[in-house]
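S.K.: Got a structure for you, questions after.
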Number of protein chains: 2
Amino acid sequence: MFEIKDKSLRIKLGGFELIHAEDFPILAVGYGENSYEMSHGNFNISKYYKEKIPLKKFRVLTSSNETCEILFLSDNGEQVKCEFTIESNSLKIRILEHSHGLNRFWLYIPTSENEEIYGCGEQFSYLNLRGKRVPLWVSEQGVGRNKRDIITHFANFKDDAGGDWYTTYFPQPTFVSNRSYYAIFETYAYSKFDFSHKNFHEIEIHEIPKSIEFGTADNLYETVLNLTKRIGLPNPLPDWVYDGVILGLQGGRDIVMQKIKNALDKGLKISGLWIQDWEGKRVTTFGKQLMWNWVYDANMYPNLPEMISELRNMGIRTLGYINTFLALEGSLYKEASEKGYLVRKPNGEEYHVVVTTFPAALVDFTNPEAREWIKNVIKTNMIGIGLSGWMADFGEYLPTDAVLYDGTPAELYHNRFPVDWAKINAEAVAEAGKSGEVVFFMRAGNLYSSKYSTLFWHGDQMVNWSKDDGLPSVIVAALSMTMSGIGLTHSDIGGYTTLAKNIPDVVVTKRTKELFMRWVEQATFTPVMRTHEGNWPDENWQFDSDEETLLHFAKMSRIHALLKPYIKNLVGRYSTTGNPIIMPLNLKYKVEDTEGMKYEYLFGEDLLVAPVIESGQSTKKVFLPEDEWVNLWSDKKYSGGWYEIDAPIGYPPVFYRQNSEWGALFEKVGGAQ
Amino acid sequence: MFEIKDKSLRIKLGGFELIHAEDFPILAVGYGENSYEMSHGNFNISKYYKEKIPLKKFRVLTSSNETCEILFLSDNGEQVKCEFTIESNSLKIRILEHSHGLNRFWLYIPTSENEEIYGCGEQFSYLNLRGKRVPLWVSEQGVGRNKRDIITHFANFKDDAGGDWYTTYFPQPTFVSNRSYYAIFETYAYSKFDFSHKNFHEIEIHEIPKSIEFGTADNLYETVLNLTKRIGLPNPLPDWVYDGVILGLQGGRDIVMQKIKNALDKGLKISGLWIQDWEGKRVTTFGKQLMWNWVYDANMYPNLPEMISELRNMGIRTLGYINTFLALEGSLYKEASEKGYLVRKPNGEEYHVVVTTFPAALVDFTNPEAREWIKNVIKTNMIGIGLSGWMADFGEYLPTDAVLYDGTPAELYHNRFPVDWAKINAEAVAEAGKSGEVVFFMRAGNLYSSKYSTLFWHGDQMVNWSKDDGLPSVIVAALSMTMSGIGLTHSDIGGYTTLAKNIPDVVVTKRTKELFMRWVEQATFTPVMRTHEGNWPDENWQFDSDEETLLHFAKMSRIHALLKPYIKNLVGRYSTTGNPIIMPLNLKYKVEDTEGMKYEYLFGEDLLVAPVIESGQSTKKVFLPEDEWVNLWSDKKYSGGWYEIDAPIGYPPVFYRQNSEWGALFEKVGGAQ
């Protein structure tokens with residue numbers, strides 16, 4: 001509904017409204033310049049604002065009940081022409097024209113004291129973003145991600161790699177409000193979503209965006225569901241994924257096959273073998289690293305296609321690894337370089353980026369020929385030899401001063417780079433006729449990644465219990481992804497990062513047995529279970545480091561496999577109608593303090609999971625919202641309230657809704673060993 | 001000279017100019033709001049800018065050769081009326097009027113690639129500020145002052161006390177340029193001086209300032225001299241100060257007198273005894289701390305006036321300690337509280353600030369009666385018992401939400417608080433008829449502190465060799481103070497801060513013998529030598545920790561005392577005509593890389609000092625500018641260039657100008673033992 005007065009405007013959509021008045025303009029615009037320093041995918045961004053001009057005046061150019069064309073302007077000559085369109089439950093704002101040269105944009109949304117805000121892509125530290133100023137920039141997640149953390153200090157020391165609460169692989173310019181509306185900003189420029197003000201939100205975008213959309217619904221659940229549908233649904237996961245765990249192994253055929261045999265002997269249900277070193281290894285000062293030439297290494301994996309068939313006959317799929325780089329030593333680099341498919345520097349040379357210790361080239365995704373070429377590599381060298389999936393790694397490293405084929409400024413393409421990386425992978429799979437059978441998983445992303453990537457993982461957590469970067473953070477990551485419309489997420493079981501170089505021994509963190517086992521328990525109640533040996537495999541506890549660990553893992557793998565009908569149904573609903581999978585409690589229940597409750601979650605509507613995320617626990621204080629709940633393991637019944645729940649290793653607090661149609665399955669699962 | 005055209009303005013003053021054009025307005029204005037978090041005198045300031053409007057248009061209201069009244073305006077209605085006045089070598093800008101409500105102000109100064117900028121008050125890490133964005137806010141200096149420093153990390157961990165390269169007790173909204181001009185901004189609001197742009201400097205002030213002044217001269221030396229005179233000169237130091245060192249001791253009469261006797265026996269020249277615990281001690285979780293009730297403690301110092309006389313007969317003055325707080329347990333607090341002389345909270349209660357471990361009240365300097373009262377405390381309790389000086393500590397802790405007697409917003413008074421603290425001390429001394437005989441020394445300051453305080457010290461350095469917060473940093477501090485027009489500075493010999501609580505043993509830094517000895521050597525070539533036992537006296541190396549240290553110290557004290565005629569002449573010139581005392585080489589010589597040379601300095605025009613500021617050195621690479629130099633110790637002669645100079649303990653690289661009229665004195669000094 002448009003309420004147009006002499007000096008003010010009001011645009012209402014259900015409970016949501018935008019207001020314009022001389023002392024509360026809807027828009028401000030300006031001019032600015034950022035400078036970016038990149039160190040190993042971590043960015044230090046210095047912002048300068050030359051002008052910030054509120055557009056206090058407006059002129060209605062055309063108007064009807066559904067559509068309004070309005071020119072917002074300042075007396076200084078800055079103008080922005082917008083078209084507002086209301087269609088059932090959505091308000092679309094198209095920016096039709098604007099004065100030349102403007103490159104900063106602010107939109108104001110009225111708010112009230114109790115509004116809660118969720119989303120902005122993958123957030124690891126905070127779920128409710130009210131009170132925060134959230135920068136949106138695709139980058140490494142950071143190591144430690146908290147200035148008060150000693151690991152963060154040492155990660156910063158050498159490489160500025162420590163990160164902060166907001167650093168993320170997957171920011172997204174969308175959010176949802178507990179006032180039951182969503183917002184989508186069509187932009188890939190650097191943005192800052194400022195939810196710190198009492199009376200308004202200020203959305204800052206470092207370009208003039210093409211369009212903005214708000215959508216309302218009856219409640220928060222419907223709001224999230226609508227956002228999810230709006231930004232696009234992926235294919236469902238392949239059926240084979242649910243049949244156990246994807247085991248991350250490496251080291252060559254013999255080692256891998258032996259480990260699989262041992263694991264199977266102990267009862268581990270294995271759906272897939274993930275060998276990230278399928279393309280070979282290199283030795284650097286960092287340790288053993290992958291080769292990054294996307295051709296299978298016949299020394300480590302002689303006749304890999306045959307091995308893949310053999311495993312498939314055992315009911316195990318094989319997965320590989322690829323990323324956005326090409327190793328300079330490799331045959332693919334040579335070809336891409338000759339064909340001019342690589343990202344360039346301003347001086348015309350190829351841009352070789354040092355990710356860890358060695359330089360590598362980046363494929364230029366704005367070049368259609370380069371896209372076809374890298375798709376072909378995937379189709380031929382990966383799908384062609386029988387791989388059923390892969391990690392599609394990275395996507396955060398496009399330098400802002402790079403020169404791209406199609407002329408897009410790299411500063412404006414940086415945040416879109418991982419979306420195109422997802423699209424390339426999705427197209428390769430589709431063109432190979434393998435949609436719904438192959439799964440690739442990404443960490444980097446942005447708006448519309450959700451409809452291309454088949455699965456996301458939460459990146460490189462520390463192998464510890466820390467809230468900002470350890471086991472707890474993957475729960476917040478999954479929930480914030482849900483609130484951003486992305487349903488299919490999982491994590492490296494046990495975490496990934498051990499910081500071991502250039503730091504005092506006393507600070508070195510290694511994955512413990514207990515951490516691994518608790519992480520397994522959490523992962524059991526997510527769509528996909530997958531292990532990673534971590535960046536220092538020999539220094540960290542592994543799934544087979546002792547028999548107790550392996551037996552516990554095997555048991556949880558069986559529970560996960562038993563849950564297949566339930567999980568498959570969840571994923572099916574998500575990929576057809578957008579229903580969320582991993583949910584914060586407030587999506588279905590009244591919760592006083594969602595931020596305080598953020599380490600409990602609903603896995604579908606019928607399971608409540610409260611994983612143990614601290615060490616040395618044998619019980620856990622659990623909040624159950626108003627409903628009737630059954631303890632998955634003990635069958636004990638609970639109403640809403642706070643309870644101290646037994647939680648020894650192997651029995652994380654998990655409850656099912658007493659009235660669930662899946663009750664019989666859950667009874668069977670709870671009794672399984 | 002004013003060049004007024006239709007759409008542009010040019011205001012020229014020698015080589016300096018201001019330009020106004022539509023695409024390069026001289027002014028921008030706006031609206032904003034800061035939020036401040038204070039933790040133990042360290043501030044986290046969050047800035048929000050609502051609008052930033054360039055004033056692109058102008059109207060000349062009146063104009064003559066010397067004066068111009070100009071209205072700058074935007075089409076949106078923002079206006080600022082300025083009066084520009086050129087008088088010989090200065091350009092004064094008075095802001096006569098401005099639109100209601102404006103509280104952000106930006107001024108633009110054209111620059112060129114090679115301009116160097118110095119000043120902004122006391123800077124510890126950088127001397128040339130070109131390329132930096134320098135915030136000006138009175139605060140604790142910080143512990144470590146470098147995010148990559150492990151000590152900074154631990155200082156931040158508990159108290160956000162680590163600081164950064166720009167945190168300082170004594171910021172000042174002035175600077176000088178190697179283009180031979182100075183700038184003075186009359187403001188005590190939060191400011192940010194942005195020298196990071198290629199073509200312009202942007203001076204940001206969080207109020208509309210009253211006036212701005214630029215002054216030009218023939219060269220950088222004259223520029224600094226003019227700035228120094230312009231902001232005000234203090235009295236010369238008392239004659240007794242030059243006769244040796246001010247020895248910082250504590251622990252009560254017996255301990256102190258015994259230590260003095262021992263020191264005299266070993267040949268230490270003592271000009272003053274500084275007993276910071278003259279007003280007693282308290283025991284806290286922090287250790288032994290001072291009482292903060294400004295009355296002498298007759299338990300620790302029975303009949304202190306008599307002891308003071310006794311010392312005076314030995315040629316030793318006695319100095320005490322005072323700060324801006326009153327201990328809640330003390331008699332003075334009781335009186336000030338009853339009379340309503342204390343800073344208040346918004347709810348009307350007294351504002352009790354926790355500095356380290358205990359809360360204390362702040363005297364409200366905006367209340368004329370409170371000022372008279374605290375002056376009287378100084379006159380009666382300190383000067384009255386015979387003290388010849390004191391540390392006038394603190395001045396950084398006025399909370400921004402405090403309520404002041406005269407209604408000034410505390411956010412705007414915070415930066416002025418230490419200036420009034422200096423004025424109060426100066427008035428107390430003057431009213432007691434002791435100007436030129438009493439010396440008090442401060443660390444906090446701001447514009448016009450220089451004309452009130454008799455001496456500054458560089459605050460609480462770490463007891464280490466670090467560039468940002470150890471021995472090297474006091475050289476940069478002294479030089480940046482000089483470039484800000486403040487000539488009389490010195491430091492705690494050996495540094496002050498040992499961080500010893502809540503940190504791993506391996507990180508604890510303690511003052512070493514070598515550090516103490518090298519710091520003594522540097523301090524010898526400054527106006528005043530003074531020791532401090534540090535915050536953990538028992539854990540740190542002291543002047544009498546072994547005989548070698550004491551003998552070395554005694555020798556350097558004799559050298560300092562021998563230099564009395566030279567130093568007294570320097571101080572005399574400074575306090576009458578503003579000539580700088582401790583100078584960067586480029587004030588007198590051509591230097592390619594002043595920033596790279598910042599740890600060498602001229603002490604007056606005839607001594608060049610290149611102190612050893614790293615551990616384990618027995619030689620030092622020294623740059624000598626184009627002149628004829630004589631090594632103070634070896635009498636060896638040098639022309640300009642780089643030399644490897646012998647620098648064993650006791651013989652820091654110091655050179656005198658061969659043509660100096662003080663040559664005979666320097667020969668004598670160099671031969672002294």
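Ordering of the structure tokens sets the chain letters (A, B, ...); residue numbers start at 1 within each chain; ligands are numbered from 1 in the order shown.
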Range 427-627 of chain B: which residues are strand (DSSP E or B) by DSSP, as a compact mmCIF listing (two decimals) with N, CA and C atoms, in the first residue's frame?

M.R.:
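Output file result-v3.txt is given in full below:
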```txt
# COMPACT_ATOMS: atom_id res chain seq x y z
N VAL B 439 58.85 22.33 39.88
CA VAL B 439 58.61 21.67 38.59
C VAL B 439 57.56 20.57 38.80
N PHE B 440 56.47 20.65 38.04
CA PHE B 440 55.55 19.51 38.02
C PHE B 440 55.54 18.94 36.61
N PHE B 441 55.33 17.64 36.52
CA PHE B 441 55.41 17.01 35.19
C PHE B 441 54.17 16.18 34.91
N MET B 442 53.68 16.28 33.68
CA MET B 442 52.43 15.65 33.27
C MET B 442 52.64 14.73 32.08
N LEU B 455 56.72 20.74 32.57
CA LEU B 455 57.51 19.63 32.03
C LEU B 455 56.54 18.50 31.70
N PHE B 456 56.88 17.71 30.68
CA PHE B 456 56.08 16.52 30.37
C PHE B 456 56.95 15.29 30.47
N TRP B 457 56.30 14.17 30.84
CA TRP B 457 57.04 12.92 30.68
C TRP B 457 56.23 12.01 29.78
N MET B 462 56.66 0.26 28.31
CA MET B 462 57.03 -1.11 28.68
C MET B 462 58.52 -1.13 29.04
N THR B 489 60.47 17.68 27.59
CA THR B 489 59.97 16.32 27.80
C THR B 489 61.07 15.42 28.34
N HIS B 490 60.65 14.37 29.01
CA HIS B 490 61.60 13.36 29.49
C HIS B 490 60.84 12.07 29.73
N ASP B 492 60.45 8.05 32.03
CA ASP B 492 60.82 7.18 33.14
C ASP B 492 62.03 6.37 32.71
N ILE B 493 63.18 6.60 33.34
CA ILE B 493 64.36 5.82 32.95
C ILE B 493 64.11 4.34 33.27
N THR B 497 56.12 -0.23 32.72
CA THR B 497 55.12 -1.30 32.78
C THR B 497 55.72 -2.70 32.65
N ARG B 530 65.28 11.27 35.18
CA ARG B 530 64.48 10.85 36.33
C ARG B 530 64.21 9.35 36.26
N THR B 531 64.35 8.68 37.38
CA THR B 531 64.07 7.24 37.41
C THR B 531 62.67 6.97 37.95
N ILE B 582 64.89 19.11 21.57
CA ILE B 582 65.19 17.79 21.00
C ILE B 582 64.61 17.77 19.59
N MET B 583 65.47 17.64 18.59
CA MET B 583 65.01 17.85 17.21
C MET B 583 65.31 16.67 16.30
N TYR B 601 68.75 11.97 17.03
CA TYR B 601 68.20 13.31 17.21
C TYR B 601 69.28 14.32 17.55
N LEU B 602 68.93 15.59 17.31
CA LEU B 602 69.79 16.68 17.75
C LEU B 602 69.32 17.10 19.13
N PHE B 603 70.26 17.23 20.06
CA PHE B 603 69.94 17.74 21.39
C PHE B 603 70.51 19.16 21.41
N LEU B 607 74.63 19.03 19.52
CA LEU B 607 74.86 17.63 19.85
C LEU B 607 73.96 16.74 18.99
N LEU B 608 74.58 15.69 18.45
CA LEU B 608 73.79 14.68 17.73
C LEU B 608 73.86 13.40 18.54
N VAL B 609 72.70 12.85 18.88
CA VAL B 609 72.60 11.68 19.76
C VAL B 609 71.99 10.52 18.99
N THR B 619 78.42 -1.91 18.83
CA THR B 619 78.65 -0.84 17.86
C THR B 619 77.28 -0.44 17.33
N LYS B 620 77.24 0.70 16.64
CA LYS B 620 75.96 1.13 16.05
C LYS B 620 76.23 1.85 14.74
N LYS B 621 75.38 1.55 13.76
CA LYS B 621 75.47 2.23 12.48
C LYS B 621 74.79 3.59 12.62
N VAL B 622 75.56 4.65 12.38
CA VAL B 622 75.05 6.00 12.63
C VAL B 622 75.12 6.82 11.37
N PHE B 623 74.06 7.59 11.12
CA PHE B 623 74.07 8.54 10.00
C PHE B 623 74.42 9.93 10.52
N LEU B 624 75.42 10.55 9.92
CA LEU B 624 75.76 11.93 10.27
C LEU B 624 75.42 12.84 9.09
```

S.K.: Provide as a PyMOL selection string the residues of chain A at most 6 Å from chain B, counting only C-alpha atoms.

M.R.: chain A and resi 51-53+75-76+148+157

S.K.: Could you give me, as a list in words, the residues within 6 Å of range 280-296 of chain A, counting only C-alpha atoms and dropping anything in the same chain fewer than 3 positions from it?

M.R.: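 Counting only the stated atoms, we get Asp277, Leu326, Ala327, Gly330 and Asn381 of chain A.
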
S.K.: Based on the selection just made, write N, CA, C and O atoms of those residues as a short mmCIF file (atom, residue, chain, number, x, y, z; two decimals), in the first residue's frame.

M.R.:
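Output file out_26.cif follows:
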```
data_model
loop_
_atom_site.label_atom_id
_atom_site.label_comp_id
_atom_site.auth_asym_id
_atom_site.auth_seq_id
_atom_site.Cartn_x
_atom_site.Cartn_y
_atom_site.Cartn_z
N ASP A 277 43.44 -36.10 -2.36
CA ASP A 277 44.72 -36.17 -3.08
C ASP A 277 44.65 -37.02 -4.33
O ASP A 277 45.66 -37.50 -4.83
N LEU A 326 44.83 -23.16 -10.66
CA LEU A 326 45.60 -24.14 -11.43
C LEU A 326 47.06 -24.02 -11.01
O LEU A 326 47.62 -22.92 -11.01
N ALA A 327 47.66 -25.18 -10.66
CA ALA A 327 49.07 -25.19 -10.27
C ALA A 327 49.94 -24.84 -11.47
O ALA A 327 49.70 -25.32 -12.59
N GLY A 330 51.44 -27.56 -13.65
CA GLY A 330 50.55 -28.58 -14.22
C GLY A 330 50.26 -28.39 -15.70
O GLY A 330 50.42 -27.30 -16.26
N ASN A 381 37.76 -35.25 -16.65
CA ASN A 381 38.76 -35.78 -15.72
C ASN A 381 38.18 -36.25 -14.40
O ASN A 381 38.81 -37.00 -13.68
#
```

S.K.: What separation in Å, quoted to one decimal, exists between CA of Leu319 in chain A and CA of Ile559 in chain A?

M.R.: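 Between these atoms lies a distance of 22.6 Å.
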
S.K.: I need the residue nearest Tyr126 in chain A from this list: A:Phe394, A:Tyr190, A:Tyr651, A:Tyr166. Use only C-alpha atoms for the distance.

M.R.: A:Tyr166

S.K.: Pick out the residues sitting within 9 Å of range 271-275 of chain B, and hand them over as a PyMOL selection string; count only C-alpha atoms, and ignore anything fewer than 3 positions along from it in its own chain.

M.R.: chain B and resi 240-252+256+260+278-279+311-312+315-321+388-391+530-532

S.K.: Mind the document's chain letters and residue numbers, and return as a PyMOL selection string the residues of range 177-349 of chain B that DSSP labels helix (DSSP H, G or I).

M.R.: chain B and resi 220-231+239-243+253-265+276-279+304-313+331-339

S.K.: I'd like to know which of A:Gly267, A:Pro305, A:Gly41, A:Pro368 is closest to Gly163 in chain A, using only C-alpha atoms.

M.R.: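 Looking at the shortest contact to Gly163 in chain A, the residue is A:Gly41.
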
S.K.: Excluding Lys637 in chain A and residues on its chain fewer than 2 positions from it, collect all residues at most 10 Å away from it, counting only C-alpha atoms, and give them as a VMD selection string.

M.R.: chain A and resid 628 to 632 634 to 635 639 655 to 658

S.K.: Give the answer as one residue: which of A:Pro234, A:Gly495, A:Gly119, A:Gly32 has the shortest atom-to-atom distance to Thr577 in chain A, using only C-alpha atoms?

M.R.: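 Closest to Thr577 in chain A of all the choices is A:Pro234.
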
S.K.: To one decimal in Å, tell me the separation between CA of Ser449 in chain B and CA of Val419 in chain B.

M.R.: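 Atom-to-atom, CA of Ser449 in chain B to CA of Val419 in chain B, that is 4.9 Å.
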
S.K.: Using only C-alpha atoms, which residues sit within 10 Å of Leu447 in chain A once same-chain residues fewer than 3 positions away are excluded, as JSON, numbers by chain?

M.R.: {"A": [120, 121, 170, 171, 172, 173, 174, 184, 185, 186, 187, 188, 231, 232, 415, 416, 418, 419, 450, 451, 484, 485]}

S.K.: Excluding same-chain residues fewer than 4 positions from range 88-96 of chain B, what lies within 10 Å of it counting only C-alpha atoms, as a PyMOL selection string?

M.R.: chain B and resi 1+11-14+16-17+66-71+80-84+181-186+208-218+226
